[in-house]
Structure formats: C-alpha cells, structure tokens
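**Q** Please find structure-v8.cif (mmCIF, N, CA and C atoms and all ligand atoms) on the next line:
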```cif
data_work
#
loop_
_atom_site.label_atom_id
_atom_site.label_comp_id
_atom_site.auth_asym_id
_atom_site.auth_seq_id
_atom_site.Cartn_x
_atom_site.Cartn_y
_atom_site.Cartn_z
N MET A 11 -64.18 147.73 1.57
CA MET A 11 -63.43 148.97 1.35
C MET A 11 -63.33 149.24 -0.15
N ASN A 12 -63.77 150.38 -0.58
CA ASN A 12 -63.73 150.66 -2.01
C ASN A 12 -62.83 151.84 -2.36
N ASN A 13 -62.13 152.36 -1.40
CA ASN A 13 -61.24 153.48 -1.70
C ASN A 13 -59.92 153.33 -0.96
N VAL A 14 -59.24 152.21 -1.18
CA VAL A 14 -57.98 151.99 -0.49
C VAL A 14 -56.86 152.71 -1.23
N ASN A 15 -55.82 153.01 -0.49
CA ASN A 15 -54.68 153.76 -1.03
C ASN A 15 -53.52 152.85 -1.40
N PHE A 16 -53.80 151.60 -1.70
CA PHE A 16 -52.70 150.71 -2.05
C PHE A 16 -53.19 149.55 -2.92
N THR A 17 -52.25 148.92 -3.58
CA THR A 17 -52.50 147.68 -4.31
C THR A 17 -51.35 146.75 -3.99
N VAL A 18 -51.59 145.46 -4.09
CA VAL A 18 -50.59 144.45 -3.76
C VAL A 18 -50.55 143.41 -4.86
N ALA A 19 -49.35 142.99 -5.22
CA ALA A 19 -49.19 141.86 -6.14
C ALA A 19 -48.16 140.93 -5.54
N GLU A 20 -48.31 139.65 -5.80
CA GLU A 20 -47.32 138.67 -5.37
C GLU A 20 -46.67 138.08 -6.61
N ALA A 21 -45.39 138.29 -6.74
CA ALA A 21 -44.67 137.77 -7.91
C ALA A 21 -44.07 136.40 -7.64
N GLY A 22 -44.04 135.99 -6.38
CA GLY A 22 -43.39 134.73 -6.04
C GLY A 22 -41.89 134.94 -5.98
N PRO A 23 -41.16 133.87 -5.66
CA PRO A 23 -39.70 133.99 -5.54
C PRO A 23 -39.05 134.45 -6.84
N PHE A 24 -38.10 135.37 -6.73
CA PHE A 24 -37.38 135.84 -7.92
C PHE A 24 -36.76 134.68 -8.70
N LYS A 25 -36.27 133.68 -7.95
CA LYS A 25 -35.57 132.58 -8.62
C LYS A 25 -36.49 131.75 -9.50
N ASP A 26 -37.81 131.91 -9.33
CA ASP A 26 -38.76 131.13 -10.12
C ASP A 26 -39.40 131.93 -11.25
N LEU A 27 -39.01 133.20 -11.42
CA LEU A 27 -39.68 134.06 -12.41
C LEU A 27 -39.66 133.46 -13.82
N ILE A 28 -38.58 132.77 -14.16
CA ILE A 28 -38.47 132.25 -15.52
C ILE A 28 -39.59 131.26 -15.83
N SER A 29 -40.07 130.57 -14.80
CA SER A 29 -41.15 129.61 -15.03
C SER A 29 -42.52 130.15 -14.67
N THR A 30 -42.58 131.16 -13.81
CA THR A 30 -43.89 131.63 -13.36
C THR A 30 -44.40 132.83 -14.15
N SER A 31 -43.54 133.54 -14.86
CA SER A 31 -44.02 134.70 -15.60
C SER A 31 -43.62 134.66 -17.06
N GLN A 32 -44.60 134.92 -17.92
CA GLN A 32 -44.37 134.92 -19.37
C GLN A 32 -44.81 136.28 -19.94
N ASP A 33 -44.73 137.34 -19.17
CA ASP A 33 -45.37 138.61 -19.52
C ASP A 33 -44.35 139.71 -19.79
N PRO A 34 -43.95 139.94 -21.04
CA PRO A 34 -44.40 139.32 -22.30
C PRO A 34 -43.47 138.21 -22.77
N VAL A 35 -42.35 138.03 -22.08
CA VAL A 35 -41.42 136.96 -22.45
C VAL A 35 -41.10 136.19 -21.17
N PRO A 36 -40.65 134.95 -21.30
CA PRO A 36 -40.34 134.17 -20.10
C PRO A 36 -39.35 134.90 -19.19
N GLY A 37 -39.71 134.99 -17.92
CA GLY A 37 -38.82 135.60 -16.95
C GLY A 37 -39.03 137.07 -16.72
N LYS A 38 -40.00 137.68 -17.41
CA LYS A 38 -40.26 139.12 -17.22
C LYS A 38 -41.69 139.32 -16.71
N LEU A 39 -41.83 140.16 -15.71
CA LEU A 39 -43.15 140.46 -15.17
C LEU A 39 -43.28 141.97 -15.00
N TYR A 40 -44.16 142.58 -15.78
CA TYR A 40 -44.44 144.01 -15.64
C TYR A 40 -45.46 144.23 -14.52
N LEU A 41 -45.25 145.26 -13.73
CA LEU A 41 -46.12 145.50 -12.58
C LEU A 41 -47.16 146.61 -12.79
N LYS A 42 -47.02 147.41 -13.85
CA LYS A 42 -47.95 148.53 -14.03
C LYS A 42 -49.40 148.07 -14.04
N SER A 43 -49.70 147.07 -14.86
CA SER A 43 -51.09 146.63 -14.94
C SER A 43 -51.50 145.85 -13.70
N LYS A 44 -50.59 145.13 -13.11
CA LYS A 44 -50.94 144.35 -11.91
C LYS A 44 -51.23 145.24 -10.71
N LEU A 45 -50.56 146.39 -10.64
CA LEU A 45 -50.70 147.26 -9.47
C LEU A 45 -51.44 148.56 -9.75
N GLY A 46 -51.68 148.87 -11.03
CA GLY A 46 -52.27 150.15 -11.36
C GLY A 46 -51.31 151.31 -11.14
N LEU A 47 -50.04 151.08 -11.40
CA LEU A 47 -49.04 152.14 -11.23
C LEU A 47 -49.40 153.32 -12.13
N THR A 48 -49.20 154.54 -11.65
CA THR A 48 -49.59 155.71 -12.44
C THR A 48 -48.41 156.58 -12.86
N GLY A 49 -47.25 156.38 -12.29
CA GLY A 49 -46.14 157.26 -12.63
C GLY A 49 -44.86 156.55 -12.98
N MET A 50 -44.89 155.23 -13.03
CA MET A 50 -43.68 154.48 -13.35
C MET A 50 -44.07 153.13 -13.91
N GLU A 51 -43.14 152.50 -14.60
CA GLU A 51 -43.28 151.10 -14.96
C GLU A 51 -42.16 150.36 -14.28
N VAL A 52 -42.48 149.21 -13.73
CA VAL A 52 -41.49 148.39 -13.05
C VAL A 52 -41.61 146.98 -13.60
N SER A 53 -40.47 146.38 -13.90
CA SER A 53 -40.51 144.96 -14.27
C SER A 53 -39.55 144.18 -13.38
N LEU A 54 -39.99 142.96 -13.06
CA LEU A 54 -39.15 142.00 -12.34
C LEU A 54 -38.66 141.02 -13.40
N ASN A 55 -37.37 140.68 -13.35
CA ASN A 55 -36.79 139.94 -14.46
C ASN A 55 -35.83 138.86 -13.99
N GLN A 56 -35.88 137.74 -14.69
CA GLN A 56 -34.86 136.72 -14.50
C GLN A 56 -34.29 136.39 -15.87
N LEU A 57 -32.98 136.44 -15.96
CA LEU A 57 -32.29 136.10 -17.21
C LEU A 57 -31.46 134.85 -16.91
N PRO A 58 -31.76 133.75 -17.62
CA PRO A 58 -31.09 132.49 -17.27
C PRO A 58 -29.61 132.50 -17.60
N THR A 59 -28.91 131.54 -17.06
CA THR A 59 -27.49 131.38 -17.37
C THR A 59 -27.29 131.34 -18.88
N GLY A 60 -26.36 132.13 -19.37
CA GLY A 60 -26.11 132.17 -20.81
C GLY A 60 -27.08 133.05 -21.57
N GLY A 61 -28.05 133.64 -20.87
CA GLY A 61 -29.05 134.45 -21.55
C GLY A 61 -28.56 135.86 -21.85
N SER A 62 -29.16 136.46 -22.87
CA SER A 62 -28.82 137.84 -23.20
C SER A 62 -30.05 138.51 -23.79
N VAL A 63 -30.12 139.83 -23.64
CA VAL A 63 -31.18 140.60 -24.30
C VAL A 63 -30.78 140.68 -25.77
N PRO A 64 -31.58 140.15 -26.69
CA PRO A 64 -31.15 139.98 -28.08
C PRO A 64 -31.30 141.22 -28.96
N PHE A 65 -31.34 142.40 -28.35
CA PHE A 65 -31.46 143.63 -29.13
C PHE A 65 -30.93 144.80 -28.30
N TYR A 66 -30.59 145.89 -29.01
CA TYR A 66 -30.32 147.16 -28.33
C TYR A 66 -31.63 147.92 -28.24
N HIS A 67 -31.76 148.80 -27.23
CA HIS A 67 -32.89 149.72 -27.27
C HIS A 67 -32.56 151.00 -26.50
N SER A 68 -33.32 152.02 -26.84
CA SER A 68 -33.28 153.28 -26.10
C SER A 68 -34.74 153.66 -25.86
N HIS A 69 -34.95 154.85 -25.29
CA HIS A 69 -36.33 155.28 -25.04
C HIS A 69 -36.54 156.69 -25.56
N ARG A 70 -37.79 157.05 -25.76
CA ARG A 70 -38.10 158.41 -26.21
C ARG A 70 -38.05 159.40 -25.04
N GLU A 71 -38.67 159.03 -23.90
CA GLU A 71 -38.78 159.97 -22.78
C GLU A 71 -38.36 159.40 -21.44
N ASN A 72 -38.32 158.09 -21.33
CA ASN A 72 -38.15 157.48 -20.01
C ASN A 72 -36.70 157.13 -19.69
N GLU A 73 -36.29 157.46 -18.47
CA GLU A 73 -35.02 156.93 -17.99
C GLU A 73 -35.30 155.61 -17.30
N GLU A 74 -34.28 154.78 -17.20
CA GLU A 74 -34.44 153.48 -16.56
C GLU A 74 -33.41 153.32 -15.47
N LEU A 75 -33.83 152.63 -14.41
CA LEU A 75 -32.92 152.22 -13.35
C LEU A 75 -32.94 150.70 -13.29
N TYR A 76 -31.78 150.09 -13.51
CA TYR A 76 -31.63 148.64 -13.40
C TYR A 76 -31.00 148.34 -12.05
N LEU A 77 -31.68 147.51 -11.27
CA LEU A 77 -31.17 147.08 -9.95
C LEU A 77 -30.90 145.59 -10.03
N PHE A 78 -29.64 145.21 -9.97
CA PHE A 78 -29.29 143.80 -10.10
C PHE A 78 -29.28 143.14 -8.73
N VAL A 79 -30.11 142.12 -8.59
CA VAL A 79 -30.35 141.45 -7.31
C VAL A 79 -29.44 140.24 -7.15
N SER A 80 -29.21 139.52 -8.24
CA SER A 80 -28.30 138.38 -8.18
C SER A 80 -27.74 138.09 -9.56
N GLY A 81 -26.67 137.31 -9.57
CA GLY A 81 -26.05 136.93 -10.84
C GLY A 81 -24.91 137.86 -11.23
N ARG A 82 -24.28 137.52 -12.33
CA ARG A 82 -23.17 138.32 -12.84
C ARG A 82 -23.31 138.45 -14.34
N GLY A 83 -22.80 139.56 -14.86
CA GLY A 83 -22.90 139.73 -16.30
C GLY A 83 -22.29 141.03 -16.75
N GLU A 84 -22.69 141.44 -17.94
CA GLU A 84 -22.18 142.67 -18.53
C GLU A 84 -23.34 143.50 -19.04
N PHE A 85 -23.21 144.80 -18.83
CA PHE A 85 -24.20 145.77 -19.30
C PHE A 85 -23.49 146.64 -20.32
N GLN A 86 -24.13 146.86 -21.44
CA GLN A 86 -23.52 147.70 -22.48
C GLN A 86 -24.42 148.91 -22.71
N VAL A 87 -23.81 150.09 -22.64
CA VAL A 87 -24.57 151.31 -22.93
C VAL A 87 -23.69 152.25 -23.75
N ASP A 88 -24.19 152.64 -24.89
CA ASP A 88 -23.46 153.51 -25.83
C ASP A 88 -22.07 152.96 -26.12
N GLY A 89 -21.97 151.66 -26.25
CA GLY A 89 -20.70 151.03 -26.61
C GLY A 89 -19.76 150.77 -25.45
N ARG A 90 -20.09 151.26 -24.25
CA ARG A 90 -19.27 150.98 -23.06
C ARG A 90 -19.80 149.74 -22.36
N ILE A 91 -18.90 148.91 -21.87
CA ILE A 91 -19.30 147.68 -21.20
C ILE A 91 -19.00 147.80 -19.72
N LEU A 92 -20.04 147.56 -18.90
CA LEU A 92 -19.93 147.68 -17.46
C LEU A 92 -20.16 146.30 -16.84
N GLU A 93 -19.44 146.03 -15.75
CA GLU A 93 -19.64 144.77 -15.03
C GLU A 93 -20.93 144.84 -14.22
N ILE A 94 -21.65 143.75 -14.20
CA ILE A 94 -22.87 143.63 -13.39
C ILE A 94 -22.65 142.55 -12.34
N LYS A 95 -23.03 142.86 -11.11
CA LYS A 95 -23.06 141.85 -10.05
C LYS A 95 -24.14 142.25 -9.06
N GLU A 96 -24.39 141.38 -8.09
CA GLU A 96 -25.39 141.70 -7.09
C GLU A 96 -25.12 143.07 -6.50
N GLY A 97 -26.11 143.91 -6.49
CA GLY A 97 -25.97 145.24 -5.93
C GLY A 97 -25.65 146.32 -6.93
N THR A 98 -25.34 145.95 -8.17
CA THR A 98 -25.07 146.96 -9.19
C THR A 98 -26.37 147.69 -9.54
N CYS A 99 -26.32 149.01 -9.55
CA CYS A 99 -27.46 149.86 -9.88
C CYS A 99 -27.04 150.75 -11.05
N ILE A 100 -27.75 150.69 -12.15
CA ILE A 100 -27.37 151.47 -13.33
C ILE A 100 -28.55 152.30 -13.80
N ARG A 101 -28.35 153.63 -13.85
CA ARG A 101 -29.34 154.53 -14.44
C ARG A 101 -28.97 154.75 -15.88
N VAL A 102 -29.93 154.70 -16.77
CA VAL A 102 -29.66 154.98 -18.17
C VAL A 102 -30.61 156.08 -18.63
N ALA A 103 -30.05 157.16 -19.18
CA ALA A 103 -30.86 158.25 -19.72
C ALA A 103 -31.65 157.73 -20.93
N PRO A 104 -32.75 158.40 -21.28
CA PRO A 104 -33.59 157.88 -22.37
C PRO A 104 -32.81 157.53 -23.63
N GLU A 105 -31.89 158.38 -24.02
CA GLU A 105 -31.23 158.18 -25.31
C GLU A 105 -30.09 157.15 -25.26
N GLY A 106 -29.77 156.65 -24.09
CA GLY A 106 -28.71 155.64 -23.98
C GLY A 106 -29.11 154.36 -24.69
N VAL A 107 -28.22 153.86 -25.53
CA VAL A 107 -28.49 152.62 -26.28
C VAL A 107 -27.93 151.46 -25.47
N ARG A 108 -28.80 150.57 -25.03
CA ARG A 108 -28.43 149.59 -24.01
C ARG A 108 -28.80 148.16 -24.36
N THR A 109 -28.07 147.25 -23.73
CA THR A 109 -28.41 145.83 -23.71
C THR A 109 -27.59 145.21 -22.59
N HIS A 110 -27.89 143.97 -22.24
CA HIS A 110 -27.06 143.30 -21.24
C HIS A 110 -27.17 141.80 -21.37
N ARG A 111 -26.22 141.12 -20.71
CA ARG A 111 -26.21 139.66 -20.80
C ARG A 111 -25.72 139.04 -19.50
N ASN A 112 -26.11 137.79 -19.33
CA ASN A 112 -25.71 137.00 -18.16
C ASN A 112 -24.48 136.20 -18.54
N THR A 113 -23.35 136.49 -17.92
CA THR A 113 -22.13 135.73 -18.20
C THR A 113 -21.74 134.87 -17.01
N GLY A 114 -22.58 134.82 -15.98
CA GLY A 114 -22.25 134.08 -14.78
C GLY A 114 -22.75 132.64 -14.82
N SER A 115 -22.64 131.98 -13.67
CA SER A 115 -23.00 130.57 -13.60
C SER A 115 -24.36 130.35 -12.94
N GLU A 116 -25.06 131.43 -12.63
CA GLU A 116 -26.40 131.30 -12.05
C GLU A 116 -27.34 132.28 -12.75
N ALA A 117 -28.62 132.10 -12.50
CA ALA A 117 -29.60 133.01 -13.09
C ALA A 117 -29.35 134.43 -12.60
N MET A 118 -29.59 135.40 -13.48
CA MET A 118 -29.48 136.81 -13.12
C MET A 118 -30.89 137.32 -12.81
N VAL A 119 -31.03 137.99 -11.69
CA VAL A 119 -32.31 138.61 -11.34
C VAL A 119 -32.10 140.11 -11.25
N PHE A 120 -33.01 140.84 -11.88
CA PHE A 120 -32.92 142.30 -11.80
C PHE A 120 -34.31 142.93 -11.84
N VAL A 121 -34.36 144.14 -11.32
CA VAL A 121 -35.57 144.95 -11.34
C VAL A 121 -35.28 146.14 -12.23
N CYS A 122 -36.21 146.45 -13.13
CA CYS A 122 -36.05 147.65 -13.96
C CYS A 122 -37.19 148.60 -13.68
N ILE A 123 -36.85 149.83 -13.30
CA ILE A 123 -37.83 150.87 -13.02
C ILE A 123 -37.71 151.92 -14.11
N GLN A 124 -38.83 152.24 -14.70
CA GLN A 124 -38.84 153.18 -15.82
C GLN A 124 -39.76 154.33 -15.47
N VAL A 125 -39.26 155.54 -15.65
CA VAL A 125 -40.06 156.72 -15.32
C VAL A 125 -39.66 157.86 -16.26
N LYS A 126 -40.58 158.75 -16.54
CA LYS A 126 -40.28 159.87 -17.43
C LYS A 126 -39.15 160.70 -16.83
N ALA A 127 -38.12 160.92 -17.61
CA ALA A 127 -36.99 161.70 -17.14
C ALA A 127 -37.44 163.10 -16.70
N GLU A 128 -36.88 163.59 -15.64
CA GLU A 128 -37.16 164.94 -15.10
C GLU A 128 -38.60 165.09 -14.61
N SER A 129 -39.31 163.99 -14.36
CA SER A 129 -40.73 164.12 -14.04
C SER A 129 -41.00 164.37 -12.56
N ILE A 130 -40.11 163.98 -11.69
CA ILE A 130 -40.38 164.15 -10.26
C ILE A 130 -40.10 165.59 -9.84
N GLN A 131 -41.12 166.23 -9.27
CA GLN A 131 -40.99 167.63 -8.87
C GLN A 131 -40.65 167.78 -7.39
N HIS A 132 -41.02 166.79 -6.59
CA HIS A 132 -40.77 166.86 -5.16
C HIS A 132 -40.05 165.60 -4.72
N TRP A 133 -38.87 165.75 -4.18
CA TRP A 133 -38.13 164.61 -3.67
C TRP A 133 -38.52 164.37 -2.24
N VAL A 134 -37.98 163.35 -1.64
CA VAL A 134 -38.43 162.91 -0.31
C VAL A 134 -38.48 164.06 0.69
N GLU A 135 -37.48 164.91 0.69
CA GLU A 135 -37.39 165.97 1.70
C GLU A 135 -38.59 166.90 1.65
N SER A 136 -39.13 167.14 0.47
CA SER A 136 -40.24 168.09 0.37
C SER A 136 -41.57 167.41 0.08
N ASP A 137 -41.57 166.10 -0.15
CA ASP A 137 -42.82 165.42 -0.50
C ASP A 137 -43.37 164.57 0.64
N ALA A 138 -42.51 164.01 1.46
CA ALA A 138 -43.00 163.14 2.53
C ALA A 138 -43.76 163.95 3.57
N VAL A 139 -44.87 163.38 4.04
CA VAL A 139 -45.68 164.00 5.08
C VAL A 139 -45.71 163.05 6.27
N VAL A 140 -45.31 163.50 7.43
CA VAL A 140 -45.25 162.64 8.62
C VAL A 140 -46.27 163.13 9.64
N PRO A 141 -47.41 162.40 9.77
CA PRO A 141 -48.43 162.84 10.72
C PRO A 141 -47.92 162.72 12.16
N ASP A 142 -48.44 163.57 13.02
CA ASP A 142 -48.02 163.58 14.42
C ASP A 142 -48.82 162.56 15.20
N GLU A 143 -48.59 161.28 14.94
CA GLU A 143 -49.27 160.22 15.69
C GLU A 143 -48.33 159.05 15.83
N PRO A 144 -48.44 158.32 16.95
CA PRO A 144 -47.53 157.20 17.18
C PRO A 144 -47.87 156.02 16.26
N VAL A 145 -46.86 155.22 15.93
CA VAL A 145 -47.06 154.03 15.12
C VAL A 145 -47.71 152.95 15.99
N MET A 146 -48.79 152.34 15.48
CA MET A 146 -49.49 151.27 16.19
C MET A 146 -49.60 150.09 15.25
N TRP A 147 -49.39 148.86 15.75
CA TRP A 147 -49.50 147.66 14.94
C TRP A 147 -50.70 146.81 15.28
N GLU A 148 -51.45 147.19 16.28
CA GLU A 148 -52.63 146.41 16.64
C GLU A 148 -53.81 147.37 16.75
N ALA A 149 -54.97 146.92 16.27
CA ALA A 149 -56.15 147.77 16.25
C ALA A 149 -56.71 147.99 17.66
ZN ZN B 201 -36.16 149.96 -21.69
#
```
Would you put the structure from the file into structure tokens?
Ligand code: ZN

**A**
Amino acid sequence: MNNVNFTVAEAGPFKDLISTSQDPVPGKLYLKSKLGLTGMEVSLNQLPTGGSVPFYHSHRENEELYLFVSGRGEFQVDGRILEIKEGTCIRVAPEGVRTHRNTGSEAMVFVCIQVKAESIQHWVESDAVVPDEPVMWEA
C-alpha cells in the first residue's frame, strides 16, 4: 500500500518517557516528524518529581493546549499560578507567557498540542463526513 491515509507511532508507556525519549530533552517526544503531522505539533512529556521547565516562553502564532494526564503541580501564565492535576486542561493563547513545574510526589505526564491560533475553519459539526455504510470489523 503506497497511499494510506494514516500513520502510526508507538511512544511506549507514558511513565517511561523520561528514559525512552530524548527528543530534544529527556522526557519529551515530538510527534510531528514521527507521524508527518501537517496542521499541528504534539508532544508527549514526562516531568520528573521536582522537575520544572527552566524558562518562560510564548509563541508568535501558535496556541497551545496542555492536557495533564498524571501528577500534580503548578502552571504559571502571565504571572497567574494555576493548580495542575490529572485531568487539568489549559489553553494558552500565543502571547501568554508560560512555564510550569512538578510539585507532586510522582512524575507528571502531559500532552501538549500546538496549532496556529484561529486556523481551524470547520469544526466537527461541519467537517465530519459519515458515509452511509455499516461498521465492519472483519474482512
Ligand atoms: Zn510552547
């Protein structure tokens, strides 16, 4: 098959990211190059106990969505400090100045999705196409 409509990557268990991924720093794995993503950047991340992002940053055009999968900590954006725990989802506009840290007793795992702000023209209601055929799981 030379024209498939999907790509697959295996990142392994989130809890092992700190040892299995060094791209570009220990515990971070970018998926754009692994999957050939064309409209977003996604990273899988593990921040060890006591770890912190050692800098502030903002973006020129991209908004970010941080999805916290496990762990506890603090997220700082524009000088405001927000609590982070499993299930916390934080959107940050491009100009938001952000950083975060792990203040809990276990590794923090999070997913960061980055996409150009205002870039999506069709949301699910107008973009999804549902063909009129039954779902089959066996050929
Ligand atoms: Zn960023």

**Q** Restricting the calculation to all atoms listed in the file, which member of A:Gln56, A:Gln131, A:Glu105, A:Leu75 is positioned closest to Phe24 in chain A?

**A** A:Gln56

**Q** Set the cut-off to 7 Å, count all atoms listed in the file, and list whatever residues fall near ligand ZN 201 (chain B) as a list in words.

**A** His67, Ser68, His69 and Glu74 of chain A

**Q** With distances taken over only N, CA and C atoms, which residue among A:Ile123, A:Leu27, A:Val52, A:Met118 lies nearest Glu73 in chain A?

**A**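 Comparing A:Ile123, A:Leu27, A:Val52, A:Met118 against Glu73 in chain A, the winner is A:Ile123.
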
**Q** So that all listed atoms of range 76-92 of chain A fit with 5 Å spare on each side, what axis-aligned box centre and edge lengths in Å, to one decimal, would you give as JSON?

**A**
```
{"center_x": -25.3, "center_y": 145.2, "center_z": -16.9, "size_x": 22.9, "size_y": 26.6, "size_z": 29.5}
```

**Q** Give me, as a list in words, all polymer residues having an atom no more than 6 Å from Leu54 in chain A, counting only C-alpha atoms and skipping those fewer than 4 positions away in the same chain.

**A** Lys38, Leu39 and Val121 of chain A

**Q** Using all atoms listed in the file, which of the listed residues (A:Glu143, A:Thr109, A:Gly114, A:Ala127) sits closest to Phe65 in chain A?

**A**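 Of all the options, A:Thr109 lies closest to Phe65 in chain A.
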
**Q** Have a look at A:Gly89, A:Phe78, A:Thr17, A:His110 and name the one nearest to Val63 in chain A; count only N, CA and C atoms.

**A** A:His110

**Q** Separation of atom C of Glu96 in chain A and atom C of Phe120 in chain A, in Å?

**A** 10.6 Å

**Q** DSSP on the backbone: what in chain A comes out alpha helix (DSSP H), as a compact mmCIF listing (two decimals) with N, CA and C atoms, in the coordinates of the input?

**A**
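File produced: out18.txt:
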```txt
# COMPACT_ATOMS: atom_id res chain seq x y z
N LEU A 27 -39.01 133.20 -11.42
CA LEU A 27 -39.68 134.06 -12.41
C LEU A 27 -39.66 133.46 -13.82
N ILE A 28 -38.58 132.77 -14.16
CA ILE A 28 -38.47 132.25 -15.52
C ILE A 28 -39.59 131.26 -15.83
N SER A 29 -40.07 130.57 -14.80
CA SER A 29 -41.15 129.61 -15.03
C SER A 29 -42.52 130.15 -14.67
N THR A 30 -42.58 131.16 -13.81
CA THR A 30 -43.89 131.63 -13.36
C THR A 30 -44.40 132.83 -14.15
N LYS A 42 -47.02 147.41 -13.85
CA LYS A 42 -47.95 148.53 -14.03
C LYS A 42 -49.40 148.07 -14.04
N SER A 43 -49.70 147.07 -14.86
CA SER A 43 -51.09 146.63 -14.94
C SER A 43 -51.50 145.85 -13.70
N LYS A 44 -50.59 145.13 -13.11
CA LYS A 44 -50.94 144.35 -11.91
C LYS A 44 -51.23 145.24 -10.71
N LEU A 45 -50.56 146.39 -10.64
CA LEU A 45 -50.70 147.26 -9.47
C LEU A 45 -51.44 148.56 -9.75
N VAL A 134 -37.98 163.35 -1.64
CA VAL A 134 -38.43 162.91 -0.31
C VAL A 134 -38.48 164.06 0.69
N GLU A 135 -37.48 164.91 0.69
CA GLU A 135 -37.39 165.97 1.70
C GLU A 135 -38.59 166.90 1.65
N SER A 136 -39.13 167.14 0.47
CA SER A 136 -40.24 168.09 0.37
C SER A 136 -41.57 167.41 0.08
N ASP A 137 -41.57 166.10 -0.15
CA ASP A 137 -42.82 165.42 -0.50
C ASP A 137 -43.37 164.57 0.64
```

**Q** Taking into account only N, CA and C atoms, which residue in the set A:Glu20, A:Val125, A:Arg82, A:Asn72 is nearest to Gly49 in chain A?

**A**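 When distances to Gly49 in chain A are compared using only N, CA and C atoms, the smallest one comes from A:Val125.
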
**Q** Quick one: of A:Gly81, A:Pro64, A:Pro141, A:Pro36, who's nearest to Lys95 in chain A, counting all atoms listed in the file?

**A** A:Gly81

**Q** What is the distance, in Å and to one decimal place, between atom C of Tyr40 in chain A and atom C of Ser53 in chain A?

**A**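 Here the two named atoms are 6.0 Å from each other.
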
**Q** Please, what distance in Å, to one decimal, runs between CA of Phe16 in chain A and CA of Asn55 in chain A?

**A** 22.9 Å

**Q** If you run DSSP on the backbone here, which positions in range 21-132 of chain A get strand (DSSP E)? Please write them as a count of residues only.

**A** 47

**Q** Which residues, protein or nucleic acid, reach to within 7 Å of (-24.3, 153.7, -20.4) in the file's coordinates when using all atoms listed in the file, and can you give that as a list in words?

**A**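 Those within range, by chain then number, are Gln86, Val87, Asp88, Gly89, Arg90, Arg101, Val102, Ala103, Gly106, Val107 and Arg108 of chain A.
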
**Q** Return range 128-140 of chain A, completed with N, CA, C and O atoms, as a PDB file, in the coordinates of the input.

**A**
```pdb
ATOM      1  N   GLU A 128     -36.880 163.590 -15.640  1.00  0.00           N
ATOM      2  CA  GLU A 128     -37.160 164.940 -15.100  1.00  0.00           C
ATOM      3  C   GLU A 128     -38.600 165.090 -14.610  1.00  0.00           C
ATOM      4  O   GLU A 128     -39.068 166.216 -14.441  1.00  0.00           O
ATOM      5  N   SER A 129     -39.310 163.990 -14.360  1.00  0.00           N
ATOM      6  CA  SER A 129     -40.730 164.120 -14.040  1.00  0.00           C
ATOM      7  C   SER A 129     -41.000 164.370 -12.560  1.00  0.00           C
ATOM      8  O   SER A 129     -42.046 164.918 -12.207  1.00  0.00           O
ATOM      9  N   ILE A 130     -40.110 163.980 -11.690  1.00  0.00           N
ATOM     10  CA  ILE A 130     -40.380 164.150 -10.260  1.00  0.00           C
ATOM     11  C   ILE A 130     -40.100 165.590  -9.840  1.00  0.00           C
ATOM     12  O   ILE A 130     -38.999 166.103 -10.040  1.00  0.00           O
ATOM     13  N   GLN A 131     -41.120 166.230  -9.270  1.00  0.00           N
ATOM     14  CA  GLN A 131     -40.990 167.630  -8.870  1.00  0.00           C
ATOM     15  C   GLN A 131     -40.650 167.780  -7.390  1.00  0.00           C
ATOM     16  O   GLN A 131     -40.134 168.791  -6.975  1.00  0.00           O
ATOM     17  N   HIS A 132     -41.020 166.790  -6.590  1.00  0.00           N
ATOM     18  CA  HIS A 132     -40.770 166.860  -5.160  1.00  0.00           C
ATOM     19  C   HIS A 132     -40.050 165.600  -4.720  1.00  0.00           C
ATOM     20  O   HIS A 132     -40.574 164.517  -4.882  1.00  0.00           O
ATOM     21  N   TRP A 133     -38.870 165.750  -4.180  1.00  0.00           N
ATOM     22  CA  TRP A 133     -38.130 164.610  -3.670  1.00  0.00           C
ATOM     23  C   TRP A 133     -38.520 164.370  -2.240  1.00  0.00           C
ATOM     24  O   TRP A 133     -39.335 165.099  -1.678  1.00  0.00           O
ATOM     25  N   VAL A 134     -37.980 163.350  -1.640  1.00  0.00           N
ATOM     26  CA  VAL A 134     -38.430 162.910  -0.310  1.00  0.00           C
ATOM     27  C   VAL A 134     -38.480 164.060   0.690  1.00  0.00           C
ATOM     28  O   VAL A 134     -39.448 164.218   1.442  1.00  0.00           O
ATOM     29  N   GLU A 135     -37.480 164.910   0.690  1.00  0.00           N
ATOM     30  CA  GLU A 135     -37.390 165.970   1.700  1.00  0.00           C
ATOM     31  C   GLU A 135     -38.590 166.900   1.650  1.00  0.00           C
ATOM     32  O   GLU A 135     -39.011 167.441   2.669  1.00  0.00           O
ATOM     33  N   SER A 136     -39.130 167.140   0.470  1.00  0.00           N
ATOM     34  CA  SER A 136     -40.240 168.090   0.370  1.00  0.00           C
ATOM     35  C   SER A 136     -41.570 167.410   0.080  1.00  0.00           C
ATOM     36  O   SER A 136     -42.612 168.059   0.070  1.00  0.00           O
ATOM     37  N   ASP A 137     -41.570 166.100  -0.150  1.00  0.00           N
ATOM     38  CA  ASP A 137     -42.820 165.420  -0.500  1.00  0.00           C
ATOM     39  C   ASP A 137     -43.370 164.570   0.640  1.00  0.00           C
ATOM     40  O   ASP A 137     -44.587 164.415   0.750  1.00  0.00           O
ATOM     41  N   ALA A 138     -42.510 164.010   1.460  1.00  0.00           N
ATOM     42  CA  ALA A 138     -43.000 163.140   2.530  1.00  0.00           C
ATOM     43  C   ALA A 138     -43.760 163.950   3.570  1.00  0.00           C
ATOM     44  O   ALA A 138     -43.362 165.057   3.929  1.00  0.00           O
ATOM     45  N   VAL A 139     -44.870 163.380   4.040  1.00  0.00           N
ATOM     46  CA  VAL A 139     -45.680 164.000   5.080  1.00  0.00           C
ATOM     47  C   VAL A 139     -45.710 163.050   6.270  1.00  0.00           C
ATOM     48  O   VAL A 139     -46.072 161.883   6.113  1.00  0.00           O
ATOM     49  N   VAL A 140     -45.310 163.500   7.430  1.00  0.00           N
ATOM     50  CA  VAL A 140     -45.250 162.640   8.620  1.00  0.00           C
ATOM     51  C   VAL A 140     -46.270 163.130   9.640  1.00  0.00           C
ATOM     52  O   VAL A 140     -46.075 164.163  10.269  1.00  0.00           O
TER      53      VAL A 140
END
```
